[in-house]
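Peer 1: See final.cif below, with mmCIF, C-alpha atoms.
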data_entry
#
loop_
_atom_site.label_atom_id
_atom_site.label_comp_id
_atom_site.auth_asym_id
_atom_site.auth_seq_id
_atom_site.Cartn_x
_atom_site.Cartn_y
_atom_site.Cartn_z
CA MET A 204 163.88 80.35 100.81
CA LYS A 205 163.95 83.93 99.52
CA LYS A 206 161.69 82.92 96.62
CA ILE A 207 159.21 81.28 98.99
CA ILE A 208 159.09 84.39 101.19
CA LEU A 209 158.46 86.64 98.19
CA LEU A 210 155.70 84.37 96.94
CA SER A 211 154.10 84.32 100.39
CA ILE A 212 154.13 88.12 100.55
CA ALA A 213 152.58 88.29 97.08
CA PHE A 214 149.79 85.92 98.07
CA ILE A 215 149.09 87.93 101.24
CA LEU A 216 148.96 91.21 99.34
CA CYS A 217 146.75 89.69 96.68
CA GLY A 218 144.39 88.37 99.32
CA LEU A 219 144.14 91.84 100.78
CA SER A 220 143.70 93.94 97.68
CA CYS A 221 143.80 92.10 94.36
CA TYR A 222 140.67 91.68 92.29
CA ALA A 223 140.48 91.00 88.59
CA ASN A 224 138.34 94.12 88.30
CA ASP A 225 138.83 97.59 89.75
CA PHE A 226 136.02 98.47 92.18
CA SER A 227 137.60 101.71 93.37
CA LYS A 228 134.72 103.82 92.03
CA ALA A 229 132.17 101.99 94.18
CA GLU A 230 134.58 102.15 97.12
CA ASP A 231 134.96 105.91 96.72
CA ILE A 232 131.18 106.44 96.65
CA ILE A 233 130.73 104.40 99.82
CA THR A 234 133.63 106.11 101.61
CA GLN A 235 132.31 109.55 100.67
CA SER A 236 128.80 108.56 101.77
CA ILE A 237 130.11 107.57 105.19
CA ALA A 238 131.91 110.92 105.43
CA LYS A 239 128.60 112.65 104.63
CA ASN A 240 126.86 110.66 107.38
CA TYR A 241 124.56 108.84 104.95
CA PHE A 242 125.35 105.64 106.87
CA PRO A 243 128.09 104.76 109.38
CA GLY A 244 129.20 101.49 107.78
CA ALA A 245 128.47 99.04 105.00
CA GLN A 246 129.13 95.67 103.40
CA LEU A 247 129.40 95.25 99.63
CA ILE A 248 129.61 91.97 97.75
CA VAL A 249 129.65 91.53 94.00
CA GLY A 250 129.51 87.97 92.73
CA ASP A 251 128.63 85.84 89.75
CA ASP A 252 126.86 82.49 89.50
CA ASP A 253 129.92 80.68 90.85
CA LYS A 254 131.86 82.82 93.30
CA ILE A 255 132.29 86.16 95.03
CA ILE A 256 134.42 88.41 92.82
CA TYR A 257 134.58 91.38 95.19
CA GLU A 258 133.93 91.76 98.91
CA LYS A 259 134.68 94.63 101.26
CA SER A 260 133.38 96.09 104.50
CA PHE A 261 133.47 99.79 105.29
CA GLY A 262 133.22 102.14 108.25
CA ASN A 263 132.04 101.45 111.76
CA PHE A 264 128.96 100.36 113.67
CA THR A 265 128.20 104.02 114.50
CA TYR A 266 129.71 107.42 113.74
CA ASP A 267 131.78 107.16 116.91
CA GLU A 268 135.31 106.52 115.69
CA PHE A 269 135.86 104.17 118.62
CA SER A 270 132.87 101.98 117.78
CA PRO A 271 133.63 98.55 116.30
CA ALA A 272 134.67 98.42 112.67
CA VAL A 273 132.29 96.72 110.26
CA THR A 274 133.72 93.38 109.12
CA ASP A 275 132.54 90.67 106.76
CA GLU A 276 131.12 88.92 109.85
CA SER A 277 128.92 91.86 110.88
CA ILE A 278 125.17 91.24 110.79
CA TYR A 279 122.50 93.76 109.76
CA ASP A 280 118.76 94.12 110.29
CA LEU A 281 117.50 93.30 106.79
CA ALA A 282 114.09 94.99 107.16
CA SER A 283 112.01 94.26 104.03
CA LEU A 284 114.57 91.88 102.56
CA THR A 285 112.79 89.52 104.95
CA LYS A 286 109.86 89.60 102.51
CA VAL A 287 111.86 87.85 99.80
CA ILE A 288 114.64 85.93 101.56
CA ALA A 289 112.25 84.34 104.05
CA THR A 290 108.57 84.81 103.27
CA THR A 291 108.43 84.71 99.46
CA SER A 292 110.92 81.83 99.40
CA ALA A 293 108.84 79.87 101.89
CA ILE A 294 105.71 80.46 99.81
CA MET A 295 107.58 79.38 96.67
CA LYS A 296 108.75 76.18 98.34
CA LEU A 297 105.27 75.31 99.63
CA TYR A 298 103.83 76.00 96.17
CA GLN A 299 106.49 73.83 94.57
CA GLU A 300 105.55 71.02 96.96
CA SER A 301 101.84 71.45 96.07
CA LYS A 302 100.99 72.34 99.66
CA ILE A 303 99.45 75.61 98.51
CA ASP A 304 98.37 77.17 95.23
CA ILE A 305 99.07 80.85 94.59
CA ASN A 306 95.53 81.18 93.23
CA ASP A 307 94.07 79.96 96.51
CA LYS A 308 91.97 82.47 98.41
CA VAL A 309 93.54 83.71 101.61
CA VAL A 310 90.40 82.66 103.50
CA LYS A 311 91.17 79.02 102.69
CA TYR A 312 93.97 79.24 105.24
CA ILE A 313 92.74 82.16 107.34
CA PRO A 314 88.90 82.05 107.53
CA GLU A 315 88.92 85.06 109.88
CA PHE A 316 90.15 87.20 106.97
CA ALA A 317 86.72 87.09 105.27
CA ASN A 318 85.64 90.53 106.47
CA ASN A 319 84.93 93.83 104.73
CA GLY A 320 85.01 92.52 101.16
CA LYS A 321 88.31 90.64 101.41
CA GLU A 322 86.99 87.13 100.80
CA ASN A 323 88.23 86.97 97.18
CA ILE A 324 91.81 88.13 97.79
CA ASN A 325 94.22 85.35 96.88
CA ILE A 326 97.86 84.55 97.57
CA LEU A 327 98.89 85.97 94.19
CA ASN A 328 97.36 89.32 95.16
CA LEU A 329 99.51 89.38 98.27
CA LEU A 330 102.66 88.54 96.31
CA LEU A 331 101.95 91.23 93.71
CA HIS A 332 100.90 93.87 96.26
CA ASN A 333 97.61 94.47 94.44
CA SER A 334 95.36 93.06 97.17
CA GLY A 335 93.44 96.23 97.97
CA LEU A 336 94.99 96.52 101.43
CA LYS A 337 96.36 99.79 102.75
CA ALA A 338 100.00 100.63 102.22
CA PHE A 339 100.65 101.08 105.92
CA ILE A 340 98.93 101.02 109.29
CA PRO A 341 100.90 102.42 112.27
CA PHE A 342 99.90 99.58 114.58
CA TYR A 343 102.23 100.77 117.33
CA LYS A 344 100.06 103.84 117.84
CA TYR A 345 96.97 101.78 118.62
CA TYR A 346 97.94 98.28 119.76
CA SER A 347 100.39 96.66 122.12
CA THR A 348 99.84 92.91 121.66
CA LYS A 349 100.28 90.41 118.85
CA GLU A 350 96.65 89.37 119.05
CA GLU A 351 95.46 92.96 118.60
CA VAL A 352 97.58 93.45 115.47
CA ILE A 353 96.42 90.14 113.99
CA ASN A 354 92.77 91.03 114.57
CA ALA A 355 93.30 94.48 113.07
CA ILE A 356 94.70 92.93 109.89
CA TYR A 357 91.92 90.37 109.67
CA ASN A 358 89.32 93.13 110.04
CA ALA A 359 91.02 95.73 107.85
CA GLU A 360 88.91 97.39 105.18
CA LEU A 361 89.84 97.52 101.52
CA ASP A 362 91.58 100.71 100.44
CA TYR A 363 91.04 100.09 96.70
CA GLU A 364 89.63 97.44 94.39
CA PRO A 365 91.92 94.37 94.24
CA ASP A 366 93.77 93.69 90.97
CA THR A 367 93.50 97.32 89.84
CA LYS A 368 96.85 98.77 90.91
CA PHE A 369 100.09 98.21 92.78
CA VAL A 370 100.28 99.44 96.37
CA TYR A 371 103.29 98.15 98.29
CA SER A 372 102.05 97.01 101.70
CA ASP A 373 103.58 95.28 104.70
CA LEU A 374 100.16 93.77 105.39
CA ASN A 375 100.52 91.54 102.33
CA ALA A 376 103.81 90.09 103.55
CA ILE A 377 102.56 89.66 107.11
CA LEU A 378 99.60 87.64 105.80
CA LEU A 379 101.91 85.52 103.65
CA GLY A 380 103.91 84.75 106.78
CA PHE A 381 100.73 83.67 108.56
CA ILE A 382 99.91 81.34 105.64
CA VAL A 383 103.36 79.74 105.82
CA GLU A 384 102.81 79.06 109.51
CA LYS A 385 99.30 77.67 109.01
CA VAL A 386 100.33 75.31 106.22
CA SER A 387 103.67 74.15 107.62
CA GLU A 388 102.46 74.03 111.23
CA GLN A 389 105.73 75.71 112.16
CA SER A 390 106.68 79.25 113.03
CA LEU A 391 108.02 81.25 110.08
CA ASP A 392 111.51 81.39 111.55
CA LYS A 393 111.61 77.64 112.21
CA TYR A 394 110.34 76.79 108.73
CA CYS A 395 112.88 79.04 107.01
CA LYS A 396 115.75 77.83 109.18
CA VAL A 397 115.10 74.16 108.45
CA ASN A 398 114.09 74.41 104.79
CA ILE A 399 116.15 77.32 103.45
CA PHE A 400 118.90 78.69 105.68
CA GLU A 401 120.43 75.50 107.08
CA PRO A 402 120.62 73.65 103.73
CA LEU A 403 122.55 76.60 102.27
CA GLY A 404 124.90 76.98 105.23
CA MET A 405 123.51 80.45 106.05
CA ARG A 406 124.76 80.37 109.63
CA SER A 407 124.59 84.14 110.14
CA THR A 408 120.95 84.43 109.07
CA THR A 409 118.22 84.35 111.68
CA PHE A 410 115.21 85.92 113.26
CA LEU A 411 115.66 86.83 116.94
CA PRO A 412 119.48 86.86 117.15
CA ASP A 413 120.88 85.22 120.27
CA ASP A 414 123.38 86.74 122.70
CA LYS A 415 126.35 85.24 120.84
CA MET A 416 125.42 87.21 117.73
CA MET A 417 124.87 90.55 119.46
CA GLU A 418 128.47 91.71 119.32
CA ARG A 419 128.38 91.30 115.53
CA ILE A 420 125.28 93.49 115.07
CA PRO A 421 125.54 97.28 114.62
CA PRO A 422 122.82 99.34 116.29
CA THR A 423 119.99 100.03 113.86
CA GLU A 424 118.53 103.24 115.25
CA ASN A 425 118.16 105.42 118.31
CA ASP A 426 114.39 105.07 118.21
CA THR A 427 112.59 108.28 119.22
CA TYR A 428 109.30 107.31 117.55
CA TRP A 429 108.06 104.57 119.85
CA ARG A 430 110.52 102.57 121.93
CA ASN A 431 112.71 105.51 122.99
CA ARG A 432 115.91 103.50 123.15
CA GLN A 433 118.71 102.27 120.95
CA LEU A 434 117.71 99.27 118.81
CA LYS A 435 120.40 96.64 118.48
CA GLY A 436 119.68 93.05 117.57
CA GLU A 437 115.91 93.56 117.74
CA VAL A 438 113.73 94.18 114.73
CA HIS A 439 113.43 97.82 113.71
CA ASP A 440 109.98 97.52 112.14
CA GLU A 441 107.29 98.38 114.67
CA ALA A 442 104.64 95.92 113.46
CA ALA A 443 107.12 93.06 113.38
CA SER A 444 108.22 94.00 116.88
CA ILE A 445 104.68 93.76 118.27
CA LEU A 446 104.32 90.44 116.44
CA GLY A 447 107.24 89.11 118.47
CA GLY A 448 110.18 89.82 116.16
CA VAL A 449 109.17 87.17 113.62
CA ALA A 450 106.93 88.42 110.82
CA GLY A 451 106.51 88.07 107.09
CA ASN A 452 107.49 91.67 106.45
CA ALA A 453 110.56 92.11 108.67
CA GLY A 454 112.66 90.60 111.43
CA LEU A 455 115.45 88.78 109.59
CA PHE A 456 119.12 89.51 110.36
CA SER A 457 122.01 88.47 108.12
CA ASN A 458 125.23 89.50 106.42
CA ALA A 459 126.29 89.95 102.81
CA GLU A 460 128.05 86.58 102.56
CA ASP A 461 124.95 84.63 103.55
CA LEU A 462 122.76 86.65 101.20
CA TYR A 463 125.15 85.91 98.36
CA LYS A 464 124.74 82.18 99.07
CA PHE A 465 120.99 82.59 98.75
CA MET A 466 121.00 84.77 95.63
CA ARG A 467 123.45 82.43 93.91
CA VAL A 468 120.87 79.65 94.25
CA LEU A 469 118.28 81.73 92.39
CA LEU A 470 120.80 82.75 89.73
CA ASN A 471 121.54 79.04 89.26
CA ASN A 472 117.85 78.21 88.82
CA GLY A 473 117.47 76.65 92.25
CA ASN A 474 120.66 74.57 92.32
CA TYR A 475 123.28 74.74 95.06
CA TYR A 476 126.26 72.83 96.35
CA ASN A 477 125.46 71.20 99.67
CA PRO A 478 128.06 72.56 102.12
CA TYR A 479 127.61 69.54 104.39
CA SER A 480 128.27 66.78 101.85
CA ARG A 481 131.62 65.45 100.74
CA GLY A 482 132.67 66.74 97.38
CA LEU A 483 130.12 69.57 97.50
CA LYS A 484 127.29 67.57 95.98
CA GLU A 485 125.00 69.63 93.76
CA GLU A 486 121.43 69.65 95.02
CA LYS A 487 118.24 71.52 94.24
CA LEU A 488 116.41 73.87 96.60
CA PHE A 489 113.90 75.15 94.05
CA GLU A 490 112.79 73.89 90.65
CA PRO A 491 113.81 76.17 87.73
CA GLU A 492 110.24 76.87 86.62
CA TYR A 493 109.33 78.17 90.07
CA VAL A 494 112.40 80.40 90.24
CA SER A 495 111.45 81.83 86.86
CA LEU A 496 107.81 82.34 87.82
CA PHE A 497 108.62 84.16 91.05
CA THR A 498 111.52 86.34 89.87
CA LYS A 499 110.36 87.52 86.45
CA ARG A 500 108.04 90.48 86.04
CA PHE A 501 104.37 89.54 86.17
CA THR A 502 102.70 90.95 83.06
CA GLU A 503 99.15 89.63 83.39
CA VAL A 504 97.83 92.84 84.93
CA PHE A 505 96.11 95.90 83.50
CA TYR A 506 98.27 98.55 85.14
CA THR A 507 101.93 99.58 84.94
CA ASN A 508 103.81 96.97 86.92
CA SER A 509 107.44 96.26 87.76
CA ARG A 510 106.74 93.55 90.31
CA ALA A 511 107.47 89.87 90.13
CA LEU A 512 106.00 87.53 92.77
CA GLY A 513 107.29 89.04 95.98
CA TRP A 514 110.32 90.43 94.18
CA ASP A 515 110.82 93.71 92.34
CA THR A 516 112.37 94.25 88.91
CA LYS A 517 113.79 97.26 87.08
CA PRO A 518 110.90 99.67 86.40
CA ASP A 519 110.23 100.88 82.87
CA VAL A 520 109.32 104.32 84.19
CA LEU A 521 109.91 106.06 87.49
CA THR A 522 106.83 106.31 89.67
CA SER A 523 108.39 108.52 92.35
CA LYS A 524 110.78 111.46 92.61
CA TYR A 525 113.62 109.11 93.52
CA ARG A 526 115.94 107.22 91.19
CA MET A 527 115.46 103.49 90.76
CA PRO A 528 117.37 101.84 93.64
CA CYS A 529 118.85 99.12 91.41
CA GLY A 530 120.67 101.72 89.31
CA GLU A 531 120.23 102.55 85.67
CA LEU A 532 122.86 100.17 84.28
CA ILE A 533 121.38 96.90 85.49
CA SER A 534 119.74 94.91 82.70
CA ASP A 535 115.98 94.69 82.31
CA ASN A 536 116.35 90.98 83.05
CA CYS A 537 116.88 91.46 86.77
CA PHE A 538 115.20 91.05 90.15
CA GLY A 539 115.88 92.31 93.64
CA HIS A 540 114.55 94.13 96.67
CA THR A 541 115.44 96.83 99.16
CA GLY A 542 114.98 97.23 102.90
CA TYR A 543 114.07 100.31 104.90
CA THR A 544 117.14 100.09 107.15
CA GLY A 545 119.45 100.57 104.15
CA THR A 546 119.75 97.09 102.66
CA SER A 547 119.51 95.85 99.08
CA ILE A 548 120.01 92.73 96.96
CA TRP A 549 119.95 92.66 93.15
CA CYS A 550 120.58 90.01 90.54
CA ASP A 551 121.32 90.78 86.88
CA ARG A 552 120.58 87.60 84.94
CA ASP A 553 122.05 88.80 81.64
CA ARG A 554 125.41 89.56 83.25
CA LYS A 555 125.13 86.66 85.75
CA LEU A 556 125.84 89.22 88.44
CA ILE A 557 124.77 89.57 92.08
CA ILE A 558 125.13 92.76 94.14
CA ILE A 559 124.59 92.77 97.90
CA PHE A 560 124.78 96.13 99.71
CA LEU A 561 124.00 96.35 103.42
CA THR A 562 124.03 99.37 105.75
CA ASN A 563 122.35 100.71 108.87
CA ARG A 564 121.42 104.00 107.22
CA VAL A 565 118.68 104.67 109.81
CA TYR A 566 121.35 105.17 112.48
CA PRO A 567 121.02 107.35 114.41
CA SER A 568 117.69 108.37 112.83
CA ARG A 569 115.39 107.15 110.07
CA ASP A 570 115.08 110.76 108.90
CA ASN A 571 118.41 110.35 107.08
CA GLU A 572 117.59 109.52 103.44
CA GLY A 573 120.93 110.27 101.78
CA ILE A 574 121.21 106.65 100.68
CA ARG A 575 118.47 107.18 98.08
CA GLU A 576 120.85 109.05 95.79
CA VAL A 577 124.05 107.09 96.31
CA ARG A 578 122.67 103.55 96.27
CA PRO A 579 121.92 103.65 92.52
CA ASP A 580 125.42 105.03 91.94
CA ILE A 581 126.96 102.20 93.95
CA HIS A 582 125.05 99.61 91.93
CA ASN A 583 126.02 101.34 88.68
CA ALA A 584 129.68 101.46 89.69
CA ALA A 585 129.66 97.80 90.72
CA ILE A 586 128.14 96.79 87.39
CA GLU A 587 130.66 98.88 85.45
CA SER A 588 133.59 97.33 87.31
CA ALA A 589 132.32 93.77 87.08
CA SER A 590 131.72 94.19 83.35
CA GLU A 591 135.24 95.40 82.52
#
So that I can check it, write out the structure of this file as C-alpha cells.
Peer 2:
Amino acid sequence: MKKIILLSIAFILCGLSCYANDFSKAEDIITQSIAKNYFPGAQLIVGDDDKIIYEKSFGNFTYDEFSPAVTDESIYDLASLTKVIATTSAIMKLYQESKIDINDKVVKYIPEFANNGKENINILNLLLHNSGLKAFIPFYKYYSTKEEVINAIYNAELDYEPDTKFVYSDLNAILLGFIVEKVSEQSLDKYCKVNIFEPLGMRSTTFLPDDKMMERIPPTENDTYWRNRQLKGEVHDEAASILGGVAGNAGLFSNAEDLYKFMRVLLNNGNYYNPYSRGLKEEKLFEPEYVSLFTKRFTEVFYTNSRALGWDTKPDVLTSKYRMPCGELISDNCFGHTGYTGTSIWCDRDRKLIIIFLTNRVYPSRDNEGIREVRPDIHNAAIESASE
C-alpha cells in the first residue's frame, strides 16, 4: 500500500511539473513580462508532430489580482490569426477541391470589385498581400453598416501597382472571406466550423462566442477609440465588428490547445487522427502538395518577400525597427503568423516543432507594445528548451 501511495504521489507531481525539457527560461520571460504589464496573462504550448511537450498558462484575465486566473481552457481573441486558421485554410480547401483557382480574378466571384483598375487582381494577389490595395482603411470613422464597408472595399482605389511589392492589408483577407462565402454558399464561420474545426475536434474555436463561452474569455481591451466600453467576447478589430463579427481578417476566438491541433495537421502534411472514430483513424484534411504550396515562401516575385500564401515565414532581412516576431533561432524552413491582440503561432519544420503563444496584450489599451521585444525571446527560449 505504501508503495502504491508513493507511486501515486510521483505521478501527480510529474503531471504538475515534469517535462523532459526545462522550459524555465521561457516561463521566467513570461512571468517578468506580466510583472512589467506587457500583458496580464498568457498561454504557451510547445509541441511536436505527435504531441504537446509543454503546456502552461500564466497570470490573470486582467491586472486585477482578483480577476480569474488564465487556464488551459481560457479563450482569446485571435485577431489576425483568423486570416490563416480560418480564411487561408478555407481558400486552400476550396482550391484543393477545384472549386476555385488561385489564379482566378477576384471579379469572377465578385463582379462589383471591377472598379478603379482592380479588374486584374487575382486570388493569389490577395494571399500574397501584393494586390495594390491600401494597408488600412479606418472604416469605423466613416461607416456604420456592413453594406457600407463592403461597398467601400469594392470601390477602393489602388494604392500601388499590383505585383510590385508587399503591403500587408486587412482588405485582402476580407475579400478572401467574401470569396469563400460566394463559392461555398455558406457564411465563413459556418464553412470553417463544418469543414475545418469540427473534424479536428476544435471545440473551443469559433466566431461569435456564445454565452457559455464568455466566462472563459479574458477582456481584450477597454476600447477608448470607438466603442468606449470593455470588449469581452466580441471581436476587437473595428472592420470585422462592423461586418458582424465574422470576417476574413479577424473575429475568431480560440485557445492554445485547439490551435495546436490545427498546426499539427499542417506539420503532418494534412493528416490528422479523427477524434470521433474508434481507434483514432488517420484521415486527411489537406493534400500534402497544397500544404507545401501555401506554407512555403513564394519566390516568384520581383521584390523582397517573406510571405507564403496567407502565411508568413522567417524574413531574410528586417524591414522594420522591430525584431522578427518568430525569434532568431527558428529555422528558415518555418511558417506562422501573429495577431494584433498579442497572439502568435509558429511551426519549425526542420525541428518538427510548434509554438503557440496567446495573450491579451491590448488590455487595457492597444498602446502597450511591450510584447514586441519579449515575444521573440519567448520563441527563442522555447526552441532552445525543446532542442535540448
Peer 1: Write out as a compact mmCIF listing (two decimals) with C-alpha atoms, in the coordinates of the input the residues lying within 6 Å of region 445-451 of chain A, counting all atoms listed in the file and excluding same-chain residues fewer than 3 positions away.
Peer 2:
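selection.txt, freshly written:
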# COMPACT_ATOMS: atom_id res chain seq x y z
CA LYS A 286 109.86 89.60 102.51
CA THR A 290 108.57 84.81 103.27
CA THR A 348 99.84 92.91 121.66
CA LYS A 349 100.28 90.41 118.85
CA ALA A 376 103.81 90.09 103.55
CA ILE A 377 102.56 89.66 107.11
CA GLY A 380 103.91 84.75 106.78
CA VAL A 438 113.73 94.18 114.73
CA ALA A 442 104.64 95.92 113.46
CA GLY A 454 112.66 90.60 111.43
Peer 1: Taking a cut-off of 8 Å and counting all atoms listed in the file, can you build a table that, for each residue of region 483-588 of chain A near region 327-333 of chain A, reports the nearest atom pair and how far apart they are in Å (one decimal), sorted by chain then residue number, as a Markdown table?
Peer 2:
| residue | atom | partner | partner_atom | distance |
| --- | --- | --- | --- | --- |
| A:Arg510 | CA | A:Leu331 | CA | 6.3 |
| A:Ala511 | CA | A:Leu331 | CA | 6.7 |
| A:Leu512 | CA | A:Leu330 | CA | 5.0 |
| A:Gly513 | CA | A:Leu330 | CA | 4.7 |
Peer 1: Using CA of Asn318 (chain A) and CA of Tyr371 (chain A) as the two end points, give the distance in Å to one decimal.
Peer 2: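 Separating CA of Asn318 (chain A) from CA of Tyr371 (chain A) is a distance of 20.9 Å.
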Peer 1: Apply the PyMOL selection byres ((chain A and resi 378) around 12) to the structure shown and report the selected residues as a ChimeraX atom specification.
Peer 2: /A:286,290-291,294,308-310,312-313,315-316,324-330,332,334,336,352-357,359,372-377,379-385,391,443,446,450-452
Peer 1: Taking the file above as input, evaluate the PyMOL selection byres ((chain A and resi 229) around 10) and report the hits as a PyMOL selection string.
Peer 2: chain A and resi 225-228+230-235+247+577-578+580-588
Peer 1: What is the distance between CA of Ser444 (chain A) and CA of Met527 (chain A), in Å to one decimal?
Peer 2: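 Result for CA of Ser444 (chain A) versus CA of Met527 (chain A): 28.7 Å, one decimal.
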Peer 1: If we count only C-alpha atoms and set the cut-off at 9 Å, which residues sit around region 515-526 of chain A, ignoring sequence neighbours fewer than 6 positions away in its own chain? Please answer as a PyMOL selection string.
Peer 2: chain A and resi 498-500+507-509+533-541+549+575-576+579
Peer 1: Have a look at A:Ile574, A:Tyr479, A:Glu388, A:Gln299 and name the one nearest to Val494 (chain A); count only C-alpha atoms.
Peer 2: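 Among the listed residues, the smallest separation from Val494 (chain A) belongs to A:Gln299.
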Peer 1: Using all atoms of region 581-589 of chain A listed in the file and a margin of 4 Å per side, can you give the axis-aligned box centre and edge lengths in Å to one decimal, as AutoDock Vina command-line options?
Peer 2:
--center_x 129.3 --center_y 98.0 --center_z 89.7 --size_x 16.5 --size_y 16.4 --size_z 16.5
Peer 1: Find the residues near Tyr566 (chain A): any atom within 6 Å, counting only C-alpha atoms, skip ones fewer than 2 places away on the same chain, and give them as a ChimeraX atom specification.
Peer 2: /A:423-424,563-564,568
Peer 1: Output C-alpha atoms for every residue in the selection just made, as a PDB file, keeping the file's coordinate frame.
Peer 2:
ATOM      1  CA  THR A 423     119.990 100.030 113.860  1.00  0.00           C
ATOM      2  CA  GLU A 424     118.530 103.240 115.250  1.00  0.00           C
ATOM      3  CA  ASN A 563     122.350 100.710 108.870  1.00  0.00           C
ATOM      4  CA  ARG A 564     121.420 104.000 107.220  1.00  0.00           C
ATOM      5  CA  SER A 568     117.690 108.370 112.830  1.00  0.00           C
TER       6      SER A 568
END
Peer 1: Convert the output of the PyMOL selection byres ((chain A and resi 463) around 12) on the shown file into explicit residues, formatted as a compact mmCIF listing (two decimals) with C-alpha atoms, in the coordinates of the input.
Peer 2:
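After the write, expr04.txt holds the following:
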# COMPACT_ATOMS: atom_id res chain seq x y z
CA GLN A 246 129.13 95.67 103.40
CA LEU A 247 129.40 95.25 99.63
CA ILE A 248 129.61 91.97 97.75
CA VAL A 249 129.65 91.53 94.00
CA GLY A 250 129.51 87.97 92.73
CA ASP A 251 128.63 85.84 89.75
CA ASP A 252 126.86 82.49 89.50
CA ASP A 253 129.92 80.68 90.85
CA LYS A 254 131.86 82.82 93.30
CA ILE A 255 132.29 86.16 95.03
CA ILE A 256 134.42 88.41 92.82
CA TYR A 257 134.58 91.38 95.19
CA GLU A 258 133.93 91.76 98.91
CA ILE A 288 114.64 85.93 101.56
CA LEU A 403 122.55 76.60 102.27
CA GLY A 404 124.90 76.98 105.23
CA MET A 405 123.51 80.45 106.05
CA SER A 407 124.59 84.14 110.14
CA THR A 408 120.95 84.43 109.07
CA SER A 457 122.01 88.47 108.12
CA ASN A 458 125.23 89.50 106.42
CA ALA A 459 126.29 89.95 102.81
CA GLU A 460 128.05 86.58 102.56
CA ASP A 461 124.95 84.63 103.55
CA LEU A 462 122.76 86.65 101.20
CA LYS A 464 124.74 82.18 99.07
CA PHE A 465 120.99 82.59 98.75
CA MET A 466 121.00 84.77 95.63
CA ARG A 467 123.45 82.43 93.91
CA VAL A 468 120.87 79.65 94.25
CA LEU A 469 118.28 81.73 92.39
CA LEU A 470 120.80 82.75 89.73
CA ASN A 471 121.54 79.04 89.26
CA TYR A 475 123.28 74.74 95.06
CA SER A 547 119.51 95.85 99.08
CA ILE A 548 120.01 92.73 96.96
CA TRP A 549 119.95 92.66 93.15
CA CYS A 550 120.58 90.01 90.54
CA LEU A 556 125.84 89.22 88.44
CA ILE A 557 124.77 89.57 92.08
CA ILE A 558 125.13 92.76 94.14
CA ILE A 559 124.59 92.77 97.90
CA PHE A 560 124.78 96.13 99.71
CA LEU A 561 124.00 96.35 103.42
Peer 1: One number please: CA of Glu322 (chain A) to CA of Leu361 (chain A), in Å, one decimal.
Peer 2: 10.8 Å
Peer 1: Pick the closest to Ser390 (chain A) from A:Asp267, A:Gly335, A:Glu492, A:Ala293: which is it, counting all atoms listed in the file?
Peer 2: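 For Ser390 (chain A), the nearest of the given residues is A:Ala293.
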Peer 1: Which residue out of A:Lys239, A:Lys321, A:Ser270, A:Asp366 has the minimum interatomic distance to Glu503 (chain A) when all atoms listed in the file are used?
Peer 2: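 Smallest separation from Glu503 (chain A) among the options: A:Asp366.
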Peer 1: Which one is closest to Met416 (chain A): A:Ala245, A:Ile278, A:Ala238, A:Val273? Count only C-alpha atoms.
Peer 2: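 Going through A:Ala245, A:Ile278, A:Ala238, A:Val273 one by one, the smallest distance to Met416 (chain A) is for A:Ile278.
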Peer 1: Nearest residue to Asn263 (chain A) out of A:Thr285, A:Asn398, A:Asn477, A:Asn240, using only C-alpha atoms?
Peer 2: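 Comparing A:Thr285, A:Asn398, A:Asn477, A:Asn240 against Asn263 (chain A), the winner is A:Asn240.
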Peer 1: With all atoms listed in the file as the atoms that count, which of A:Lys396, A:Lys555, A:Lys415, A:Lys296 lies nearest to Lys487 (chain A)?
Peer 2: A:Lys296
